[in-house]
Amino acid sequence: MMMGPTKMPSPGLPQPVRRVLDWWHAPHFLAKTSVIVETLEVASMIIWPPNSPAQMLIAFAWLVLVAALPFAPRVLCVAGLLLSLVTTGLPGQGAWNTGVFAVFGLFLTVGYVMPRWAAIVLPVGFSALDAAGFVWFGAGSLGGTLIQGVIDGLNGIQRDAAAESGVMLGADAAALPQYATIVFVSTLVLDLMVLGFFTMCSAAFRRTAAAGERAARAEQLLGRVTREQQLAHMIHDSVANDMSTIAMLAWRAKGAEDDGQMLDTIYARSHHALDRVHEVIDVLNGRRDLAELEGEGATGVGGSVGHVGADTDADARGDSVGDVSFDIQVEKYVEDQDRTMRMLGFAGVSRFNSVPDAVVSKPSQRAVMGLLEEVYANIVRHCAIGEMASVDAMDGTLAPGEGEGEPAYNLFVDIGHDRIRISEVNALADERHTLVHGRKHGSGLALHCDVIESLGGTLNTSRQDGTWMLSADIPV
């Protein structure tokens, strides 16, 4: 059965009433049609009870047919229309022979379940047979009875007018010419108008329900695609950064005399990447909600994973510890990443500034932290090592007397009352001489650009004379 939009009842209603309203607001068109027609049939049996056992039997037959209509609609609506045409020819004419309410329900079913050609043929064929049976075979017909009543009324008016003028007309003289043809055409038109109306109403409901179902499927598909993009974004932001850093640390650790702290950082990074992958797998398996994972990411994306000799497991995972404001999280993250970059040989400069008591929404927090992760990952992949690269690989600090040259990169993060501005500049290395040469890279910045633009911000990048520049403006 086709689905359509639903409306939830008021939660203040009693439970039995709420259940009834829940069912009623659900898109059960055929079931609702059956219930309404059954109610009208029972009410009419009470008001105008059948006057013979045969009519009582026919009335119960209509009740059974209408009750079973939702289970086999196509078969029963055709069988019901044939039953109506047959019973109108039985003696003892009455409403129970024609099954008036049941026929209305049958044509509602025809418009809902039948193809277009059948929804046209059945009302036309039924109306023609009903009018012909009434006019030439004396069968019962609600439409024919109404038309005959109108014609008899016109004949009565004609007789009364003739009597007032002193002229006496017989019954035949008062009849309209071409009586049978007029009654047939009038009955046919009336039946088509009424039955066609019910058929078109249900067909319109079917199209509306089908459109609602298509919209629901499209929304579900869009939600699934969006969810997959978000998961891919999470994996890219965290895992790509971690893997690039791990690769570079492992490469540098080969030549270090004491690589204990480098190994500690590799350990912390690998655990952070593994935890993030497990979190995404939990979302895919349905054991965890994506909104919950995004909420955690908003308060500590990347956290302090770059901290040399990570203090706690929470630091290694990047979880926020305690009630820490967003500006403190960003400042700590930048410091930790700078320390890791120095261990990798990228001695750059990061500057952070924030207004007091800055309030940043969760989506903007996720966008900022995700972009910072991508910036540092790209520094690892593409940045040229500057003259400040001579560092003590054991603690990530500059060697004494060094650091007079240009920094490998410059990063500026400014959190204002209404905007967050991020700028980064670095010299580009020859890709042939980098550790990641020949490795496939994704389109992380394009993903971040989409996220930031969806928040009303901007992200611009440019490459000129061997220099990479990035600037982002994100609303708080």
# chains A, B, ... in the order shown; residues from 1 in each chain; ligands from 1
>>> residues_around(residues="Gly144 (chain A)", least_positions_apart="4", cutoff="8 Å", atoms="only C-alpha atoms", output="ChimeraX atom specification")
/A:131,134-135,140,148,183-184,186-187
>>> residues_around(residues="Leu459 (chain A)", least_positions_apart="3", cutoff="6 Å", atoms="only C-alpha atoms", output="list in words")
Cys449, Ser471 and Ala472 of chain A
>>> closest_residue(among="A:Pro356, A:Pro73, A:Gly456, A:Gly416", to="Tyr112 (chain A)", atoms="only C-alpha atoms")
A:Pro73
>>> atom_distance(atom1="CA of Val324 (chain A)", atom2="CA of Tyr376 (chain A)")
22.5 Å
>>> select_by_dssp(residues="region 34-107 of chain A", states="helix (DSSP H, G or I)", output="PDB file with N, CA and C atoms, in the first residue's frame")
ATOM      1  N   SER A  34     -13.063   1.173   3.800  1.00  0.00           N
ATOM      2  CA  SER A  34     -13.876   0.046   4.257  1.00  0.00           C
ATOM      3  C   SER A  34     -14.607   0.386   5.545  1.00  0.00           C
ATOM      4  N   VAL A  35     -13.904   1.025   6.486  1.00  0.00           N
ATOM      5  CA  VAL A  35     -14.535   1.360   7.772  1.00  0.00           C
ATOM      6  C   VAL A  35     -15.664   2.362   7.575  1.00  0.00           C
ATOM      7  N   ILE A  36     -15.441   3.388   6.769  1.00  0.00           N
ATOM      8  CA  ILE A  36     -16.469   4.408   6.555  1.00  0.00           C
ATOM      9  C   ILE A  36     -17.699   3.802   5.876  1.00  0.00           C
ATOM     10  N   VAL A  37     -17.476   3.005   4.827  1.00  0.00           N
ATOM     11  CA  VAL A  37     -18.608   2.401   4.114  1.00  0.00           C
ATOM     12  C   VAL A  37     -19.354   1.429   5.010  1.00  0.00           C
ATOM     13  N   GLU A  38     -18.625   0.626   5.806  1.00  0.00           N
ATOM     14  CA  GLU A  38     -19.283  -0.294   6.735  1.00  0.00           C
ATOM     15  C   GLU A  38     -20.152   0.472   7.722  1.00  0.00           C
ATOM     16  N   THR A  39     -19.642   1.586   8.222  1.00  0.00           N
ATOM     17  CA  THR A  39     -20.413   2.394   9.172  1.00  0.00           C
ATOM     18  C   THR A  39     -21.694   2.922   8.533  1.00  0.00           C
ATOM     19  N   LEU A  40     -21.579   3.427   7.307  1.00  0.00           N
ATOM     20  CA  LEU A  40     -22.769   3.936   6.611  1.00  0.00           C
ATOM     21  C   LEU A  40     -23.767   2.812   6.317  1.00  0.00           C
ATOM     22  N   GLU A  41     -23.248   1.639   5.955  1.00  0.00           N
ATOM     23  CA  GLU A  41     -24.139   0.518   5.672  1.00  0.00           C
ATOM     24  C   GLU A  41     -24.915   0.100   6.921  1.00  0.00           C
ATOM     25  N   VAL A  42     -24.211   0.004   8.041  1.00  0.00           N
ATOM     26  CA  VAL A  42     -24.879  -0.394   9.291  1.00  0.00           C
ATOM     27  C   VAL A  42     -25.891   0.667   9.712  1.00  0.00           C
ATOM     28  N   ALA A  43     -25.499   1.948   9.590  1.00  0.00           N
ATOM     29  CA  ALA A  43     -26.433   3.017   9.965  1.00  0.00           C
ATOM     30  C   ALA A  43     -27.673   2.986   9.090  1.00  0.00           C
ATOM     31  N   SER A  44     -27.502   2.742   7.801  1.00  0.00           N
ATOM     32  CA  SER A  44     -28.667   2.690   6.911  1.00  0.00           C
ATOM     33  C   SER A  44     -29.535   1.466   7.197  1.00  0.00           C
ATOM     34  N   MET A  45     -28.927   0.368   7.629  1.00  0.00           N
ATOM     35  CA  MET A  45     -29.723  -0.812   8.012  1.00  0.00           C
ATOM     36  C   MET A  45     -30.595  -0.508   9.222  1.00  0.00           C
ATOM     37  N   ILE A  46     -30.083   0.337  10.117  1.00  0.00           N
ATOM     38  CA  ILE A  46     -30.879   0.704  11.299  1.00  0.00           C
ATOM     39  C   ILE A  46     -31.978   1.672  10.927  1.00  0.00           C
ATOM     40  N   ILE A  47     -31.661   2.657  10.080  1.00  0.00           N
ATOM     41  CA  ILE A  47     -32.653   3.682   9.719  1.00  0.00           C
ATOM     42  C   ILE A  47     -33.687   3.133   8.743  1.00  0.00           C
ATOM     43  N   PRO A  53     -36.297 -11.149   3.812  1.00  0.00           N
ATOM     44  CA  PRO A  53     -35.100 -11.957   4.063  1.00  0.00           C
ATOM     45  C   PRO A  53     -34.083 -11.849   2.921  1.00  0.00           C
ATOM     46  N   ALA A  54     -34.565 -11.736   1.687  1.00  0.00           N
ATOM     47  CA  ALA A  54     -33.641 -11.632   0.556  1.00  0.00           C
ATOM     48  C   ALA A  54     -32.823 -10.346   0.650  1.00  0.00           C
ATOM     49  N   GLN A  55     -33.520  -9.239   0.985  1.00  0.00           N
ATOM     50  CA  GLN A  55     -32.781  -7.989   1.118  1.00  0.00           C
ATOM     51  C   GLN A  55     -31.818  -8.029   2.302  1.00  0.00           C
ATOM     52  N   MET A  56     -32.210  -8.690   3.392  1.00  0.00           N
ATOM     53  CA  MET A  56     -31.305  -8.831   4.530  1.00  0.00           C
ATOM     54  C   MET A  56     -30.063  -9.620   4.129  1.00  0.00           C
ATOM     55  N   LEU A  57     -30.235 -10.674   3.341  1.00  0.00           N
ATOM     56  CA  LEU A  57     -29.113 -11.477   2.878  1.00  0.00           C
ATOM     57  C   LEU A  57     -28.193 -10.646   1.981  1.00  0.00           C
ATOM     58  N   ILE A  58     -28.797  -9.837   1.097  1.00  0.00           N
ATOM     59  CA  ILE A  58     -27.987  -8.978   0.224  1.00  0.00           C
ATOM     60  C   ILE A  58     -27.226  -7.934   1.039  1.00  0.00           C
ATOM     61  N   ALA A  59     -27.886  -7.385   2.083  1.00  0.00           N
ATOM     62  CA  ALA A  59     -27.228  -6.388   2.927  1.00  0.00           C
ATOM     63  C   ALA A  59     -26.000  -6.977   3.609  1.00  0.00           C
ATOM     64  N   PHE A  60     -26.122  -8.203   4.139  1.00  0.00           N
ATOM     65  CA  PHE A  60     -24.978  -8.848   4.780  1.00  0.00           C
ATOM     66  C   PHE A  60     -23.888  -9.178   3.755  1.00  0.00           C
ATOM     67  N   ALA A  61     -24.308  -9.504   2.540  1.00  0.00           N
ATOM     68  CA  ALA A  61     -23.318  -9.771   1.490  1.00  0.00           C
ATOM     69  C   ALA A  61     -22.483  -8.523   1.208  1.00  0.00           C
ATOM     70  N   TRP A  62     -23.154  -7.357   1.174  1.00  0.00           N
ATOM     71  CA  TRP A  62     -22.410  -6.112   0.974  1.00  0.00           C
ATOM     72  C   TRP A  62     -21.454  -5.850   2.136  1.00  0.00           C
ATOM     73  N   LEU A  63     -21.888  -6.119   3.365  1.00  0.00           N
ATOM     74  CA  LEU A  63     -21.025  -5.899   4.523  1.00  0.00           C
ATOM     75  C   LEU A  63     -19.764  -6.766   4.455  1.00  0.00           C
ATOM     76  N   VAL A  64     -19.950  -8.024   4.084  1.00  0.00           N
ATOM     77  CA  VAL A  64     -18.802  -8.932   3.980  1.00  0.00           C
ATOM     78  C   VAL A  64     -17.861  -8.485   2.862  1.00  0.00           C
ATOM     79  N   LEU A  65     -18.428  -8.115   1.719  1.00  0.00           N
ATOM     80  CA  LEU A  65     -17.589  -7.706   0.595  1.00  0.00           C
ATOM     81  C   LEU A  65     -16.782  -6.461   0.929  1.00  0.00           C
ATOM     82  N   VAL A  66     -17.424  -5.471   1.548  1.00  0.00           N
ATOM     83  CA  VAL A  66     -16.715  -4.229   1.877  1.00  0.00           C
ATOM     84  C   VAL A  66     -15.645  -4.478   2.937  1.00  0.00           C
ATOM     85  N   ALA A  67     -15.935  -5.373   3.919  1.00  0.00           N
ATOM     86  CA  ALA A  67     -14.953  -5.671   4.965  1.00  0.00           C
ATOM     87  C   ALA A  67     -13.713  -6.337   4.379  1.00  0.00           C
ATOM     88  N   ALA A  68     -13.884  -7.147   3.340  1.00  0.00           N
ATOM     89  CA  ALA A  68     -12.750  -7.850   2.728  1.00  0.00           C
ATOM     90  C   ALA A  68     -12.059  -7.024   1.647  1.00  0.00           C
ATOM     91  N   PRO A  73      -8.361  -5.931  -3.237  1.00  0.00           N
ATOM     92  CA  PRO A  73      -9.147  -4.815  -3.775  1.00  0.00           C
ATOM     93  C   PRO A  73      -9.479  -4.948  -5.258  1.00  0.00           C
ATOM     94  N   ARG A  74      -8.542  -5.376  -6.075  1.00  0.00           N
ATOM     95  CA  ARG A  74      -8.801  -5.410  -7.516  1.00  0.00           C
ATOM     96  C   ARG A  74      -9.864  -6.449  -7.862  1.00  0.00           C
ATOM     97  N   VAL A  75      -9.757  -7.603  -7.276  1.00  0.00           N
ATOM     98  CA  VAL A  75     -10.731  -8.664  -7.573  1.00  0.00           C
ATOM     99  C   VAL A  75     -12.102  -8.303  -7.017  1.00  0.00           C
ATOM    100  N   LEU A  76     -12.138  -7.849  -5.770  1.00  0.00           N
ATOM    101  CA  LEU A  76     -13.422  -7.606  -5.105  1.00  0.00           C
ATOM    102  C   LEU A  76     -14.144  -6.388  -5.671  1.00  0.00           C
ATOM    103  N   CYS A  77     -13.406  -5.375  -6.136  1.00  0.00           N
ATOM    104  CA  CYS A  77     -14.125  -4.219  -6.667  1.00  0.00           C
ATOM    105  C   CYS A  77     -14.821  -4.577  -7.990  1.00  0.00           C
ATOM    106  N   VAL A  78     -14.185  -5.402  -8.819  1.00  0.00           N
ATOM    107  CA  VAL A  78     -14.842  -5.851 -10.049  1.00  0.00           C
ATOM    108  C   VAL A  78     -16.004  -6.782  -9.727  1.00  0.00           C
ATOM    109  N   ALA A  79     -15.779  -7.733  -8.797  1.00  0.00           N
ATOM    110  CA  ALA A  79     -16.852  -8.654  -8.408  1.00  0.00           C
ATOM    111  C   ALA A  79     -18.014  -7.897  -7.770  1.00  0.00           C
ATOM    112  N   GLY A  80     -17.708  -6.895  -6.975  1.00  0.00           N
ATOM    113  CA  GLY A  80     -18.770  -6.118  -6.333  1.00  0.00           C
ATOM    114  C   GLY A  80     -19.613  -5.350  -7.333  1.00  0.00           C
ATOM    115  N   LEU A  81     -18.979  -4.776  -8.350  1.00  0.00           N
ATOM    116  CA  LEU A  81     -19.742  -4.047  -9.369  1.00  0.00           C
ATOM    117  C   LEU A  81     -20.648  -4.992 -10.153  1.00  0.00           C
ATOM    118  N   LEU A  82     -20.148  -6.186 -10.459  1.00  0.00           N
ATOM    119  CA  LEU A  82     -21.004  -7.176 -11.128  1.00  0.00           C
ATOM    120  C   LEU A  82     -22.152  -7.598 -10.222  1.00  0.00           C
ATOM    121  N   LEU A  83     -21.875  -7.764  -8.918  1.00  0.00           N
ATOM    122  CA  LEU A  83     -22.931  -8.135  -7.967  1.00  0.00           C
ATOM    123  C   LEU A  83     -23.998  -7.059  -7.895  1.00  0.00           C
ATOM    124  N   SER A  84     -23.569  -5.792  -7.941  1.00  0.00           N
ATOM    125  CA  SER A  84     -24.546  -4.701  -7.892  1.00  0.00           C
ATOM    126  C   SER A  84     -25.463  -4.727  -9.113  1.00  0.00           C
ATOM    127  N   LEU A  85     -24.889  -4.973 -10.302  1.00  0.00           N
ATOM    128  CA  LEU A  85     -25.713  -5.028 -11.512  1.00  0.00           C
ATOM    129  C   LEU A  85     -26.672  -6.209 -11.485  1.00  0.00           C
ATOM    130  N   VAL A  86     -26.238  -7.327 -10.906  1.00  0.00           N
ATOM    131  CA  VAL A  86     -27.112  -8.503 -10.841  1.00  0.00           C
ATOM    132  C   VAL A  86     -28.245  -8.302  -9.842  1.00  0.00           C
ATOM    133  N   THR A  87     -27.912  -7.769  -8.652  1.00  0.00           N
ATOM    134  CA  THR A  87     -28.937  -7.641  -7.612  1.00  0.00           C
ATOM    135  C   THR A  87     -29.973  -6.570  -7.935  1.00  0.00           C
ATOM    136  N   ALA A  95     -32.942  -0.055  -1.747  1.00  0.00           N
ATOM    137  CA  ALA A  95     -31.550   0.386  -1.679  1.00  0.00           C
ATOM    138  C   ALA A  95     -30.600  -0.778  -1.445  1.00  0.00           C
ATOM    139  N   TRP A  96     -31.097  -1.833  -0.818  1.00  0.00           N
ATOM    140  CA  TRP A  96     -30.212  -2.960  -0.516  1.00  0.00           C
ATOM    141  C   TRP A  96     -29.906  -3.791  -1.753  1.00  0.00           C
ATOM    142  N   ASN A  97     -30.757  -3.695  -2.754  1.00  0.00           N
ATOM    143  CA  ASN A  97     -30.427  -4.376  -4.007  1.00  0.00           C
ATOM    144  C   ASN A  97     -29.272  -3.662  -4.719  1.00  0.00           C
ATOM    145  N   THR A  98     -29.329  -2.358  -4.758  1.00  0.00           N
ATOM    146  CA  THR A  98     -28.305  -1.609  -5.480  1.00  0.00           C
ATOM    147  C   THR A  98     -27.016  -1.465  -4.682  1.00  0.00           C
ATOM    148  N   VAL A 100     -25.986   1.019  -2.472  1.00  0.00           N
ATOM    149  CA  VAL A 100     -25.552   2.366  -2.831  1.00  0.00           C
ATOM    150  C   VAL A 100     -24.200   2.713  -2.203  1.00  0.00           C
ATOM    151  N   PHE A 101     -24.111   2.625  -0.869  1.00  0.00           N
ATOM    152  CA  PHE A 101     -22.862   3.007  -0.197  1.00  0.00           C
ATOM    153  C   PHE A 101     -21.716   2.076  -0.591  1.00  0.00           C
ATOM    154  N   ALA A 102     -22.026   0.806  -0.755  1.00  0.00           N
ATOM    155  CA  ALA A 102     -20.984  -0.141  -1.155  1.00  0.00           C
ATOM    156  C   ALA A 102     -20.439   0.202  -2.546  1.00  0.00           C
ATOM    157  N   VAL A 103     -21.328   0.610  -3.461  1.00  0.00           N
ATOM    158  CA  VAL A 103     -20.875   0.980  -4.807  1.00  0.00           C
ATOM    159  C   VAL A 103     -19.967   2.207  -4.751  1.00  0.00           C
ATOM    160  N   PHE A 104     -20.311   3.172  -3.898  1.00  0.00           N
ATOM    161  CA  PHE A 104     -19.439   4.340  -3.749  1.00  0.00           C
ATOM    162  C   PHE A 104     -18.048   3.906  -3.265  1.00  0.00           C
ATOM    163  N   GLY A 105     -18.027   3.012  -2.288  1.00  0.00           N
ATOM    164  CA  GLY A 105     -16.744   2.508  -1.800  1.00  0.00           C
ATOM    165  C   GLY A 105     -15.983   1.734  -2.859  1.00  0.00           C
ATOM    166  N   LEU A 106     -16.723   0.985  -3.696  1.00  0.00           N
ATOM    167  CA  LEU A 106     -16.068   0.224  -4.757  1.00  0.00           C
ATOM    168  C   LEU A 106     -15.397   1.144  -5.768  1.00  0.00           C
ATOM    169  N   PHE A 107     -16.027   2.251  -6.096  1.00  0.00           N
ATOM    170  CA  PHE A 107     -15.413   3.157  -7.072  1.00  0.00           C
ATOM    171  C   PHE A 107     -14.272   3.976  -6.457  1.00  0.00           C
TER     172      PHE A 107
END
>>> atom_distance(atom1="CA of Asp473 (chain A)", atom2="CA of Thr245 (chain A)")
26.4 Å
>>> atom_distance(atom1="CA of Gly223 (chain A)", atom2="CA of Pro363 (chain A)")
17.4 Å
>>> residues_around(residues="Val110 (chain A)", least_positions_apart="5", cutoff="8 Å", atoms="only C-alpha atoms", output="list in words")
Arg74, Cys77, Ala118, Ala119, Leu122, Thr199 and Ser202 of chain A
>>> residues_around(residues="Phe412 (chain A)", least_positions_apart="4", cutoff="8 Å", atoms="only C-alpha atoms", output="short mmCIF file (atom, residue, chain, number, x, y, z; two decimals) with C-alpha atoms, in the first residue's frame")
data_model
loop_
_atom_site.label_atom_id
_atom_site.label_comp_id
_atom_site.auth_asym_id
_atom_site.auth_seq_id
_atom_site.Cartn_x
_atom_site.Cartn_y
_atom_site.Cartn_z
CA SER A 350 51.18 29.18 14.88
CA ARG A 351 49.50 32.18 16.44
CA PHE A 352 46.23 32.00 18.29
CA ARG A 421 39.34 33.41 10.79
CA ILE A 422 42.01 30.86 9.90
CA SER A 423 44.96 31.66 7.63
CA GLU A 424 47.89 29.45 6.70
#
